[in-house]
Amino acid sequence: MNAIESVLIENRVFAPNAVAAAAARISGMSAYDALCAEAERDFEGFWERLARANLVWSKPFTKVLDESNAPFYKWFEDGELNASANCLDKHMGTPVEHKTAVIFEADDGAVTRTSYRELLSRVSQFANALLADGIGKGDRVLIYMPMTLEGVIAMQACARIGATHSVVFGGFSAKALHERIIDAGAVAVITANYQRRGGRELPLKAIVDEGLAMGGCETIKTVFVYQRTANPCNMVAGRDKTFAEALAGQSDNCPALAVGAEHPLFVLYTSGSTGKPKGVQHSTGGYLLWAKLTMDWTFDLQPSDVFWCTADIGWITGHSYVAYGPLAAGATQIIYEGVPTFPNAGRFWQMIERHQCTIFYTAPTAIRSLIKAAESDANVHPARSNLGSLRILGSVGEPINPEAWMWYYRNVGGERCPIVDTFWQTETGGHMITPLPGATPLVPGSCTLPLPGIMAAIVDEAGHDIANGTGGLLVVKRPWPSMIRTIWNDPERFKKAYFPTEMGGKLYLAGDGAVRSADRGYFRITGRIDDVLNVSGHRLGTMEIESALVSHTVLVAEAAVVGRPDDLTGEAVCAFVVLKGARPTGDAAAAMAKELRDWVAKEIGPLAKPKDIRFAENLPKTRSGKIMRRLLRSVAKGEAVTQDTSTLENPAILDQLGQAW
Ligand code: WT7
């Protein structure tokens, strides 16, 4: 169990607000139970009904689920649709057409509003620019953009013409970008000259140039550059085009191309338990169905809502709950370019008041850092803003500790707003286990119950069900429409990672440990069971960071990376490093640690920088040479090592590792 969870044990149950619950789409537990029962009784019929009701099909599907080549499941396969048409065109001629789709607030506070009609025009015009460049159905387009409306437009424009996008978070390095461009075989990059965050301008285009210069990117024909700031950037003649150049003369009418429901809408890279990131491939029909439906179910979206998901489009949360879900559901949403702490840590609360936000969805890490700021400066406390517009709060990305939950509930939600603690993953496409705001009694720190149709369970290593109250492995027993389809270029890894034969090959293995409460059967996620860390809600593979460290071939002989609990970031990266030279101490160690941290930032991105680096002459290994990570986890936490060390080749190393550096 995570150390930060253990401080407050909150056993109270918070019932949904009766007035709000009565008006909700899923009003009360009996409505929830009825949907679950429908899915149990007639699984395919349930999904068929929802897919017909929530999506516009250019060609209706005749078959719901194809399990003949499991675990490569196919949903609604002979149906055809377009994701962008389902987000934009479908609203034309309805009251949503002239509604505000996006309230964009820039880093410097400038606000622009874009209606659905205008957004359709801008997406269509950009789609025409892509077509004019020779980009078409099935091509992969890499998007490396700031958190701006233009990022969403780029994604929607790709979807409109059937191109598969792959968004890379703006905090990743040139090397990470390079690796993804090559794996995806991308034909174009869409980027910006700079990104604006916290009052600063950070280069994006220069990083793209650096990545492309690493070689092997011959597939890239064009780099589209959005000029976010007045600062010039390097432009390569014949390859690079500004948005203005690309859009000049393009019509704002571009018919959306109908594609098969299984057509890959996007590939999004995420970390796994090996050094190489996985390209998670998502479909068009099943993915979009769930993005839309979870807006309605989890957020109880109503026409007058102002929805705000603070995630960046570089992560799955920004795909499902910024770029697709809110638009498919016809919501007005807020998109914010900057960081929560600029110009001060009251920015989120001030923005909620300014835009009369009704549904606010953010990560526990953000909440924890804003609690800390509010405790030391009353001016940035949520009490300084009028948050009366809020009606639902959400949490995503990592377990929320009960203290943070209670603070969020009281100080942001005024003890009036339910908190939906949504458990899901890049691979699941959308929410899996979450309270419903008008139905589920809330228990702080628990993501409560699976959504209807999601057959989540807890099993042992052989795949057998485990009784409530006992911890085990989280699995999903039946496929669901928005599930990962495969790992791009690596179907074998897909099978092995998610449908292990040791467990029968039929269960989707989430990679998380979980336990269900004995009384209510509520799920609580206890953390990853593989070598994946969750730092500030960002997923990092320990192996990836290890490979980055040992790629410093001049300095580093060996490295092992583990996580340790951290009050602010949930988990922190802790690296044990054996240098080629002598083990440094004092200032020399600090200087060396800084050099290696910067190296990791260059290899992967600043988000992967180890918080702790400890130098050792050796790593604890078994006689067969396996690094004993469990021991290292204890050392990283500063705990006494209680594990059996009898198989350890070099027990003396533990003392050295335990010393402060
Ligand atoms: C991992 C997935 C979900 C989209 C953003 C992260 C952890 C996510 C919760 C939650 C406890 C959570 C899990 C999961 N996680 N949400 N509500 N409670 N843990 O997506 O980068 O694919 O990471 O994040 O460990 O496996 P991701």
# chains A, B, ... in the order shown; residues from 1 in each chain; ligands from 1

call {"tool": "closest_atom_pairs", "arguments": {"of": "chain A", "to": "ligand 1", "cutoff": "8 Å", "atoms": "only C-alpha atoms and all ligand atoms", "output": "JSON lines"}}
result
{"residue": "A:Thr270", "atom": "CA", "partner": "ligand 1", "partner_atom_place_in_ligand_line": "22 (O)", "distance": 6.6}
{"residue": "A:Ser271", "atom": "CA", "partner": "ligand 1", "partner_atom_place_in_ligand_line": "21 (O)", "distance": 7.8}
{"residue": "A:Trp315", "atom": "CA", "partner": "ligand 1", "partner_atom_place_in_ligand_line": "5 (C)", "distance": 6.9}
{"residue": "A:Ile316", "atom": "CA", "partner": "ligand 1", "partner_atom_place_in_ligand_line": "4 (C)", "distance": 5.8}
{"residue": "A:Thr317", "atom": "CA", "partner": "ligand 1", "partner_atom_place_in_ligand_line": "4 (C)", "distance": 5.1}
{"residue": "A:Ser395", "atom": "CA", "partner": "ligand 1", "partner_atom_place_in_ligand_line": "17 (N)", "distance": 6.2}
{"residue": "A:Val396", "atom": "CA", "partner": "ligand 1", "partner_atom_place_in_ligand_line": "17 (N)", "distance": 4.6}
{"residue": "A:Gly397", "atom": "CA", "partner": "ligand 1", "partner_atom_place_in_ligand_line": "8 (C)", "distance": 3.5}
{"residue": "A:Glu398", "atom": "CA", "partner": "ligand 1", "partner_atom_place_in_ligand_line": "12 (C)", "distance": 3.6}
{"residue": "A:Pro399", "atom": "CA", "partner": "ligand 1", "partner_atom_place_in_ligand_line": "11 (C)", "distance": 3.4}
{"residue": "A:Ile400", "atom": "CA", "partner": "ligand 1", "partner_atom_place_in_ligand_line": "18 (N)", "distance": 6.4}
{"residue": "A:Asp421", "atom": "CA", "partner": "ligand 1", "partner_atom_place_in_ligand_line": "17 (N)", "distance": 4.9}
{"residue": "A:Thr422", "atom": "CA", "partner": "ligand 1", "partner_atom_place_in_ligand_line": "17 (N)", "distance": 4.2}
{"residue": "A:Phe423", "atom": "CA", "partner": "ligand 1", "partner_atom_place_in_ligand_line": "17 (N)", "distance": 3.5}
{"residue": "A:Trp424", "atom": "CA", "partner": "ligand 1", "partner_atom_place_in_ligand_line": "3 (C)", "distance": 4.1}
{"residue": "A:Gln425", "atom": "CA", "partner": "ligand 1", "partner_atom_place_in_ligand_line": "22 (O)", "distance": 3.7}
{"residue": "A:Thr426", "atom": "CA", "partner": "ligand 1", "partner_atom_place_in_ligand_line": "22 (O)", "distance": 3.6}
{"residue": "A:Glu427", "atom": "CA", "partner": "ligand 1", "partner_atom_place_in_ligand_line": "22 (O)", "distance": 6.3}
{"residue": "A:Gly430", "atom": "CA", "partner": "ligand 1", "partner_atom_place_in_ligand_line": "3 (C)", "distance": 7.5}
{"residue": "A:His431", "atom": "CA", "partner": "ligand 1", "partner_atom_place_in_ligand_line": "3 (C)", "distance": 7.3}
{"residue": "A:Ile433", "atom": "CA", "partner": "ligand 1", "partner_atom_place_in_ligand_line": "17 (N)", "distance": 7.9}
{"residue": "A:Thr434", "atom": "CA", "partner": "ligand 1", "partner_atom_place_in_ligand_line": "17 (N)", "distance": 7.6}
{"residue": "A:Gly445", "atom": "CA", "partner": "ligand 1", "partner_atom_place_in_ligand_line": "18 (N)", "distance": 8.0}
{"residue": "A:Ser446", "atom": "CA", "partner": "ligand 1", "partner_atom_place_in_ligand_line": "18 (N)", "distance": 7.6}
{"residue": "A:Cys447", "atom": "CA", "partner": "ligand 1", "partner_atom_place_in_ligand_line": "17 (N)", "distance": 6.0}
{"residue": "A:Ala510", "atom": "CA", "partner": "ligand 1", "partner_atom_place_in_ligand_line": "26 (O)", "distance": 6.2}
{"residue": "A:Gly511", "atom": "CA", "partner": "ligand 1", "partner_atom_place_in_ligand_line": "26 (O)", "distance": 6.0}
{"residue": "A:Asp512", "atom": "CA", "partner": "ligand 1", "partner_atom_place_in_ligand_line": "26 (O)", "distance": 5.5}
{"residue": "A:Arg524", "atom": "CA", "partner": "ligand 1", "partner_atom_place_in_ligand_line": "11 (C)", "distance": 7.4}
{"residue": "A:Ile525", "atom": "CA", "partner": "ligand 1", "partner_atom_place_in_ligand_line": "11 (C)", "distance": 5.0}
{"residue": "A:Thr526", "atom": "CA", "partner": "ligand 1", "partner_atom_place_in_ligand_line": "11 (C)", "distance": 7.2}
{"residue": "A:Gly527", "atom": "CA", "partner": "ligand 1", "partner_atom_place_in_ligand_line": "25 (O)", "distance": 5.3}
{"residue": "A:Arg528", "atom": "CA", "partner": "ligand 1", "partner_atom_place_in_ligand_line": "25 (O)", "distance": 5.1}
{"residue": "A:Asn534", "atom": "CA", "partner": "ligand 1", "partner_atom_place_in_ligand_line": "24 (O)", "distance": 6.5}
{"residue": "A:Gly537", "atom": "CA", "partner": "ligand 1", "partner_atom_place_in_ligand_line": "6 (C)", "distance": 6.2}
{"residue": "A:His538", "atom": "CA", "partner": "ligand 1", "partner_atom_place_in_ligand_line": "21 (O)", "distance": 5.6}
{"residue": "A:Arg539", "atom": "CA", "partner": "ligand 1", "partner_atom_place_in_ligand_line": "21 (O)", "distance": 4.6}

call {"tool": "write_last_selection", "arguments": {"atoms": "N, CA, C and O atoms", "output": "compact mmCIF listing (two decimals), in the first residue's frame"}}
result
# COMPACT_ATOMS: atom_id res chain seq x y z
N THR A 270 2.67 4.47 -24.83
CA THR A 270 2.69 4.49 -23.38
C THR A 270 3.75 3.51 -22.90
O THR A 270 4.27 2.70 -23.66
N SER A 271 4.08 3.62 -21.61
CA SER A 271 5.16 2.80 -21.08
C SER A 271 4.67 1.44 -20.64
O SER A 271 3.57 1.30 -20.12
N TRP A 315 -1.88 12.86 -23.61
CA TRP A 315 -2.21 11.65 -22.84
C TRP A 315 -3.59 11.14 -23.26
O TRP A 315 -4.37 11.88 -23.86
N ILE A 316 -3.90 9.92 -22.90
CA ILE A 316 -5.20 9.36 -23.28
C ILE A 316 -6.35 10.18 -22.71
O ILE A 316 -7.39 10.34 -23.35
N THR A 317 -6.18 10.74 -21.51
CA THR A 317 -7.27 11.52 -20.92
C THR A 317 -7.60 12.71 -21.82
O THR A 317 -8.77 13.06 -22.00
N SER A 395 -11.62 12.73 -10.70
CA SER A 395 -10.21 12.47 -10.41
C SER A 395 -9.75 11.37 -11.35
O SER A 395 -10.50 10.44 -11.64
N VAL A 396 -8.51 11.46 -11.81
CA VAL A 396 -8.00 10.47 -12.76
C VAL A 396 -6.49 10.37 -12.74
O VAL A 396 -5.80 11.36 -12.49
N GLY A 397 -5.99 9.17 -13.02
CA GLY A 397 -4.56 9.00 -13.29
C GLY A 397 -3.81 8.21 -12.25
O GLY A 397 -2.79 7.60 -12.54
N GLU A 398 -4.27 8.24 -11.01
CA GLU A 398 -3.58 7.53 -9.93
C GLU A 398 -4.57 7.44 -8.78
O GLU A 398 -5.58 8.15 -8.77
N PRO A 399 -4.27 6.60 -7.80
CA PRO A 399 -5.19 6.53 -6.67
C PRO A 399 -5.23 7.89 -5.97
O PRO A 399 -4.22 8.57 -5.86
N ILE A 400 -6.41 8.30 -5.53
CA ILE A 400 -6.49 9.55 -4.77
C ILE A 400 -6.52 9.19 -3.29
O ILE A 400 -7.34 8.39 -2.85
N ASP A 421 -14.11 9.14 -9.01
CA ASP A 421 -12.70 8.68 -9.04
C ASP A 421 -12.64 7.62 -10.13
O ASP A 421 -13.01 6.47 -9.92
N THR A 422 -12.19 8.05 -11.31
CA THR A 422 -12.29 7.19 -12.49
C THR A 422 -11.02 6.37 -12.70
O THR A 422 -9.96 6.91 -12.97
N PHE A 423 -11.15 5.08 -12.57
CA PHE A 423 -10.02 4.19 -12.88
C PHE A 423 -10.11 3.78 -14.34
O PHE A 423 -11.15 3.26 -14.79
N TRP A 424 -9.04 3.97 -15.07
CA TRP A 424 -8.92 3.46 -16.43
C TRP A 424 -7.48 3.57 -16.88
O TRP A 424 -6.61 3.89 -16.07
N GLN A 425 -7.21 3.30 -18.15
CA GLN A 425 -5.84 3.26 -18.66
C GLN A 425 -5.81 3.67 -20.13
O GLN A 425 -6.84 3.65 -20.80
N THR A 426 -4.61 3.97 -20.61
CA THR A 426 -4.45 4.25 -22.04
C THR A 426 -5.11 3.13 -22.85
O THR A 426 -5.79 3.38 -23.85
N GLU A 427 -4.92 1.90 -22.41
CA GLU A 427 -5.40 0.73 -23.13
C GLU A 427 -6.91 0.58 -23.11
O GLU A 427 -7.48 -0.09 -23.97
N GLY A 430 -11.35 4.48 -22.23
CA GLY A 430 -12.26 5.32 -21.46
C GLY A 430 -12.42 4.71 -20.08
O GLY A 430 -11.79 3.69 -19.75
N HIS A 431 -13.28 5.33 -19.29
CA HIS A 431 -13.48 4.91 -17.90
C HIS A 431 -13.87 3.44 -17.78
O HIS A 431 -14.62 2.93 -18.62
N ILE A 433 -13.84 1.71 -14.10
CA ILE A 433 -14.42 1.56 -12.77
C ILE A 433 -14.56 2.96 -12.20
O ILE A 433 -13.56 3.69 -12.08
N THR A 434 -15.76 3.36 -11.89
CA THR A 434 -15.99 4.74 -11.43
C THR A 434 -17.37 4.86 -10.79
O THR A 434 -18.30 4.16 -11.18
N GLY A 445 -11.17 7.34 -1.76
CA GLY A 445 -10.06 6.43 -2.05
C GLY A 445 -10.48 5.18 -2.79
O GLY A 445 -9.64 4.35 -3.14
N SER A 446 -11.78 5.06 -3.09
CA SER A 446 -12.25 3.89 -3.84
C SER A 446 -12.86 4.34 -5.16
O SER A 446 -13.65 5.29 -5.19
N CYS A 447 -12.52 3.64 -6.25
CA CYS A 447 -13.14 3.96 -7.53
C CYS A 447 -14.48 3.23 -7.66
O CYS A 447 -15.11 3.29 -8.71
N ALA A 510 -4.99 -5.92 -16.44
CA ALA A 510 -4.80 -4.47 -16.43
C ALA A 510 -3.38 -4.08 -16.03
O ALA A 510 -2.89 -3.02 -16.40
N GLY A 511 -2.75 -4.94 -15.21
CA GLY A 511 -1.42 -4.57 -14.71
C GLY A 511 -1.48 -3.87 -13.37
O GLY A 511 -0.47 -3.40 -12.88
N ASP A 512 -2.68 -3.83 -12.78
CA ASP A 512 -2.84 -3.22 -11.46
C ASP A 512 -3.28 -4.27 -10.45
O ASP A 512 -4.01 -5.20 -10.79
N ARG A 524 -10.75 -1.02 -4.85
CA ARG A 524 -9.71 -0.05 -4.53
C ARG A 524 -8.45 -0.52 -5.24
O ARG A 524 -8.08 -1.69 -5.15
N ILE A 525 -7.83 0.39 -6.00
CA ILE A 525 -6.64 0.05 -6.78
C ILE A 525 -5.43 0.20 -5.85
O ILE A 525 -5.26 1.25 -5.22
N THR A 526 -4.61 -0.84 -5.78
CA THR A 526 -3.47 -0.76 -4.85
C THR A 526 -2.17 -0.42 -5.56
O THR A 526 -1.16 -0.23 -4.90
N GLY A 527 -2.19 -0.33 -6.88
CA GLY A 527 -0.97 0.09 -7.60
C GLY A 527 -0.53 -0.95 -8.61
O GLY A 527 -1.03 -2.07 -8.64
N ARG A 528 0.40 -0.57 -9.45
CA ARG A 528 0.86 -1.42 -10.54
C ARG A 528 1.55 -2.67 -10.00
O ARG A 528 2.24 -2.63 -8.99
N ASN A 534 4.03 5.39 -11.57
CA ASN A 534 3.06 6.44 -11.82
C ASN A 534 3.53 7.68 -11.07
O ASN A 534 3.36 7.81 -9.88
N GLY A 537 0.82 11.10 -12.00
CA GLY A 537 -0.17 10.65 -12.97
C GLY A 537 0.43 10.32 -14.32
O GLY A 537 -0.28 9.98 -15.26
N HIS A 538 1.74 10.43 -14.47
CA HIS A 538 2.40 10.06 -15.73
C HIS A 538 3.00 8.68 -15.60
O HIS A 538 3.62 8.35 -14.60
N ARG A 539 2.78 7.92 -16.64
CA ARG A 539 3.20 6.53 -16.60
C ARG A 539 4.63 6.40 -17.13
O ARG A 539 4.92 6.86 -18.23

call {"tool": "closest_atom_pairs", "arguments": {"of": "range 377-416 of chain A", "to": "range 335-359 of chain A", "cutoff": "6 Å", "atoms": "only C-alpha atoms", "output": "CSV"}}
result
residue,atom,partner,partner_atom,distance
A:Val380,CA,A:Gly346,CA,4.1
A:Pro382,CA,A:Trp349,CA,5.6
A:Ser385,CA,A:Gln350,CA,5.8
A:Asn386,CA,A:Glu353,CA,5.6
A:Leu387,CA,A:Glu353,CA,5.7
A:Ser389,CA,A:Thr358,CA,5.2
A:Leu390,CA,A:Thr358,CA,3.9
A:Arg391,CA,A:Thr358,CA,5.3
A:Ile392,CA,A:Ile359,CA,4.8
A:Leu393,CA,A:Ile359,CA,5.8

call {"tool": "write_last_selection", "arguments": {"atoms": "N, CA, C and O atoms", "output": "PDB file, in the first residue's frame"}}
result
ATOM      1  N   VAL A 380      -4.498  31.957  -2.661  1.00  0.00           N
ATOM      2  CA  VAL A 380      -4.716  30.984  -3.732  1.00  0.00           C
ATOM      3  C   VAL A 380      -5.618  29.843  -3.259  1.00  0.00           C
ATOM      4  O   VAL A 380      -5.786  28.833  -3.943  1.00  0.00           O
ATOM      5  N   PRO A 382      -9.029  27.856  -2.657  1.00  0.00           N
ATOM      6  CA  PRO A 382     -10.275  27.851  -3.438  1.00  0.00           C
ATOM      7  C   PRO A 382     -11.365  28.719  -2.809  1.00  0.00           C
ATOM      8  O   PRO A 382     -12.242  29.232  -3.518  1.00  0.00           O
ATOM      9  N   SER A 385     -12.333  31.967  -4.425  1.00  0.00           N
ATOM     10  CA  SER A 385     -13.114  32.015  -5.660  1.00  0.00           C
ATOM     11  C   SER A 385     -14.520  31.504  -5.382  1.00  0.00           C
ATOM     12  O   SER A 385     -14.722  30.703  -4.465  1.00  0.00           O
ATOM     13  N   ASN A 386     -15.452  31.966  -6.196  1.00  0.00           N
ATOM     14  CA  ASN A 386     -16.814  31.452  -6.059  1.00  0.00           C
ATOM     15  C   ASN A 386     -16.931  30.213  -6.937  1.00  0.00           C
ATOM     16  O   ASN A 386     -16.937  30.301  -8.160  1.00  0.00           O
ATOM     17  N   LEU A 387     -17.006  29.067  -6.288  1.00  0.00           N
ATOM     18  CA  LEU A 387     -17.037  27.804  -7.036  1.00  0.00           C
ATOM     19  C   LEU A 387     -18.445  27.215  -7.072  1.00  0.00           C
ATOM     20  O   LEU A 387     -18.632  26.016  -7.272  1.00  0.00           O
ATOM     21  N   SER A 389     -20.671  27.260  -9.211  1.00  0.00           N
ATOM     22  CA  SER A 389     -21.167  26.678 -10.466  1.00  0.00           C
ATOM     23  C   SER A 389     -20.916  25.172 -10.532  1.00  0.00           C
ATOM     24  O   SER A 389     -21.592  24.448 -11.263  1.00  0.00           O
ATOM     25  N   LEU A 390     -19.937  24.691  -9.782  1.00  0.00           N
ATOM     26  CA  LEU A 390     -19.561  23.272  -9.885  1.00  0.00           C
ATOM     27  C   LEU A 390     -20.675  22.343  -9.426  1.00  0.00           C
ATOM     28  O   LEU A 390     -21.355  22.626  -8.434  1.00  0.00           O
ATOM     29  N   ARG A 391     -20.815  21.231 -10.133  1.00  0.00           N
ATOM     30  CA  ARG A 391     -21.774  20.223  -9.659  1.00  0.00           C
ATOM     31  C   ARG A 391     -21.191  18.814  -9.599  1.00  0.00           C
ATOM     32  O   ARG A 391     -21.668  17.977  -8.857  1.00  0.00           O
ATOM     33  N   ILE A 392     -20.121  18.577 -10.360  1.00  0.00           N
ATOM     34  CA  ILE A 392     -19.480  17.255 -10.320  1.00  0.00           C
ATOM     35  C   ILE A 392     -17.958  17.453 -10.388  1.00  0.00           C
ATOM     36  O   ILE A 392     -17.472  18.281 -11.165  1.00  0.00           O
ATOM     37  N   LEU A 393     -17.235  16.687  -9.584  1.00  0.00           N
ATOM     38  CA  LEU A 393     -15.772  16.709  -9.629  1.00  0.00           C
ATOM     39  C   LEU A 393     -15.282  15.336 -10.074  1.00  0.00           C
ATOM     40  O   LEU A 393     -15.927  14.327  -9.790  1.00  0.00           O
TER      41      LEU A 393
END

call {"tool": "residues_around", "arguments": {"residues": "range 288-297 of chain A", "least_positions_apart": "5", "cutoff": "7 Å", "atoms": "only C-alpha atoms", "output": "list in words"}}
result
Arg25, Ile26, Ala51, Asn54, Leu55, Ala83, Ser320, Tyr324, Gly325, Pro326, Ala328, Ala329, Gly430, His431, Leu436 and Ser482 of chain A

call {"tool": "write_last_selection", "arguments": {"atoms": "N, CA and C atoms", "output": "JSON list (two decimals), in the first residue's frame"}}
result
[["chain", "number", "residue", "atom", "x", "y", "z"],
["A", 25, "ARG", "N", -28.86, 11.33, -15.38],
["A", 25, "ARG", "CA", -29.14, 10.35, -16.43],
["A", 25, "ARG", "C", -29.26, 8.94, -15.87],
["A", 26, "ILE", "N", -28.30, 8.59, -14.99],
["A", 26, "ILE", "CA", -28.41, 7.31, -14.30],
["A", 26, "ILE", "C", -28.73, 7.68, -12.87],
["A", 51, "ALA", "N", -24.53, 1.39, -29.30],
["A", 51, "ALA", "CA", -23.77, 1.85, -30.48],
["A", 51, "ALA", "C", -24.69, 2.47, -31.52],
["A", 54, "ASN", "N", -25.87, 6.04, -29.92],
["A", 54, "ASN", "CA", -24.91, 7.10, -29.58],
["A", 54, "ASN", "C", -24.00, 7.54, -30.70],
["A", 55, "LEU", "N", -24.00, 6.79, -31.80],
["A", 55, "LEU", "CA", -23.13, 7.16, -32.92],
["A", 55, "LEU", "C", -23.96, 7.31, -34.18],
["A", 83, "ALA", "N", -15.18, 9.65, -37.21],
["A", 83, "ALA", "CA", -15.13, 10.17, -35.84],
["A", 83, "ALA", "C", -15.38, 11.67, -35.81],
["A", 320, "SER", "N", -9.64, 11.20, -24.92],
["A", 320, "SER", "CA", -11.03, 10.80, -24.71],
["A", 320, "SER", "C", -11.89, 11.92, -24.12],
["A", 324, "TYR", "N", -12.19, 14.18, -28.13],
["A", 324, "TYR", "CA", -13.31, 13.43, -28.70],
["A", 324, "TYR", "C", -14.59, 13.43, -27.86],
["A", 325, "GLY", "N", -14.52, 12.96, -26.63],
["A", 325, "GLY", "CA", -15.74, 12.77, -25.83],
["A", 325, "GLY", "C", -16.62, 14.01, -25.71],
["A", 326, "PRO", "N", -16.06, 15.14, -25.25],
["A", 326, "PRO", "CA", -16.90, 16.33, -25.05],
["A", 326, "PRO", "C", -17.55, 16.78, -26.36],
["A", 328, "ALA", "N", -18.20, 14.85, -29.09],
["A", 328, "ALA", "CA", -19.21, 13.86, -29.49],
["A", 328, "ALA", "C", -20.48, 14.03, -28.67],
["A", 329, "ALA", "N", -20.32, 14.52, -27.44],
["A", 329, "ALA", "CA", -21.48, 14.68, -26.56],
["A", 329, "ALA", "C", -22.10, 16.07, -26.69],
["A", 430, "GLY", "N", -11.35, 4.48, -22.23],
["A", 430, "GLY", "CA", -12.26, 5.32, -21.46],
["A", 430, "GLY", "C", -12.42, 4.71, -20.08],
["A", 431, "HIS", "N", -13.28, 5.33, -19.29],
["A", 431, "HIS", "CA", -13.48, 4.91, -17.90],
["A", 431, "HIS", "C", -13.87, 3.44, -17.78],
["A", 436, "LEU", "N", -20.94, 6.70, -10.28],
["A", 436, "LEU", "CA", -21.83, 7.50, -11.13],
["A", 436, "LEU", "C", -22.40, 8.60, -10.23],
["A", 482, "SER", "N", -14.17, -0.11, -26.44],
["A", 482, "SER", "CA", -13.05, 0.85, -26.56],
["A", 482, "SER", "C", -11.72, 0.26, -26.14]]

call {"tool": "residues_around", "arguments": {"residues": "range 626-638 of chain A", "least_positions_apart": "3", "cutoff": "8 Å", "atoms": "only C-alpha atoms", "output": "list in words"}}
result
Ala560, Val562, Gly563, Arg564, Pro565, Cys574, Leu619, Pro620, Lys621, Thr622, Arg623, Val641, Gln643, Leu654, Leu657 and Gly658 of chain A

call {"tool": "residues_around", "arguments": {"residues": "Gly605 in chain A", "least_positions_apart": "3", "cutoff": "8 Å", "atoms": "only C-alpha atoms", "output": "JSON, numbers by chain"}}
result
{"A": [171, 172, 173, 176, 600, 601, 602, 608, 609]}

call {"tool": "residues_around", "arguments": {"residues": "Thr164 in chain A", "least_positions_apart": "3", "cutoff": "8 Å", "atoms": "only C-alpha atoms", "output": "PyMOL selection string"}}
result
chain A and resi 137-141+158-159+264-267

call {"tool": "atom_distance", "arguments": {"atom1": "CA of Tyr116 in chain A", "atom2": "CA of Ala258 in chain A"}}
result
20.2 Å

call {"tool": "atom_distance", "arguments": {"atom1": "CA of Val561 in chain A", "atom2": "CA of Leu596 in chain A"}}
result
12.9 Å

call {"tool": "closest_residue", "arguments": {"among": "A:Leu81, A:Asn234, A:Asn128, A:Asp108", "to": "Tyr287 in chain A", "atoms": "only C-alpha atoms"}}
result
A:Leu81

call {"tool": "select_by_dssp", "arguments": {"residues": "range 347-485 of chain A", "states": "alpha helix (DSSP H)", "output": "VMD selection string"}}
result
chain A and resid 347 to 355 364 to 376 402 to 407

call {"tool": "closest_residue", "arguments": {"among": "A:Ala101, A:Ala383, A:Ala575, A:Ala588", "to": "Asp612 in chain A", "atoms": "only C-alpha atoms"}}
result
A:Ala575

call {"tool": "closest_residue", "arguments": {"among": "A:Arg239, A:Trp407, A:Ala110, A:Ile466", "to": "His381 in chain A", "atoms": "only C-alpha atoms"}}
result
A:Trp407

call {"tool": "atom_distance", "arguments": {"atom1": "CA of Ile454 in chain A", "atom2": "CA of Met432 in chain A"}}
result
6.5 Å

call {"tool": "residues_around", "arguments": {"residues": "Glu67 in chain A", "least_positions_apart": "5", "cutoff": "12 Å", "atoms": "only C-alpha atoms", "output": "list of chain:residue names"}}
result
A:Glu44, A:Phe72, A:Tyr73, A:Lys74, A:Trp75, A:Phe76, A:Glu77, A:Arg478, A:Pro479, A:Trp480, A:Lys506

call {"tool": "write_last_selection", "arguments": {"atoms": "N, CA, C and O atoms", "output": "compact mmCIF listing (two decimals), in the first residue's frame"}}
result
# COMPACT_ATOMS: atom_id res chain seq x y z
N GLU A 44 -24.24 -8.75 -26.23
CA GLU A 44 -24.14 -8.11 -27.54
C GLU A 44 -25.30 -7.17 -27.81
O GLU A 44 -25.11 -6.11 -28.41
N PHE A 72 -7.77 -10.59 -30.50
CA PHE A 72 -7.92 -9.47 -31.44
C PHE A 72 -9.40 -9.30 -31.74
O PHE A 72 -9.88 -9.71 -32.80
N TYR A 73 -10.11 -8.74 -30.78
CA TYR A 73 -11.56 -8.60 -30.89
C TYR A 73 -11.92 -7.52 -31.91
O TYR A 73 -11.19 -6.55 -32.06
N LYS A 74 -13.05 -7.73 -32.56
CA LYS A 74 -13.54 -6.71 -33.50
C LYS A 74 -14.96 -6.33 -33.12
O LYS A 74 -15.78 -7.20 -32.83
N TRP A 75 -15.22 -5.04 -33.14
CA TRP A 75 -16.52 -4.52 -32.76
C TRP A 75 -17.15 -3.77 -33.93
O TRP A 75 -16.49 -2.92 -34.53
N PHE A 76 -18.40 -4.08 -34.20
CA PHE A 76 -19.20 -3.34 -35.21
C PHE A 76 -18.46 -3.30 -36.55
O PHE A 76 -18.51 -2.31 -37.29
N GLU A 77 -17.76 -4.38 -36.87
CA GLU A 77 -16.75 -4.34 -37.92
C GLU A 77 -17.23 -3.91 -39.29
O GLU A 77 -16.52 -3.18 -39.99
N ARG A 478 -14.59 -9.85 -20.07
CA ARG A 478 -15.15 -9.84 -21.42
C ARG A 478 -14.59 -8.63 -22.16
O ARG A 478 -14.28 -7.62 -21.54
N PRO A 479 -14.49 -8.71 -23.49
CA PRO A 479 -14.03 -7.53 -24.23
C PRO A 479 -15.02 -6.37 -24.10
O PRO A 479 -16.18 -6.61 -23.72
N TRP A 480 -14.59 -5.18 -24.39
CA TRP A 480 -15.48 -4.01 -24.39
C TRP A 480 -15.09 -3.16 -25.59
O TRP A 480 -13.96 -3.25 -26.09
N LYS A 506 -7.75 -15.47 -21.88
CA LYS A 506 -9.05 -14.83 -22.18
C LYS A 506 -9.29 -13.59 -21.32
O LYS A 506 -10.22 -12.83 -21.57
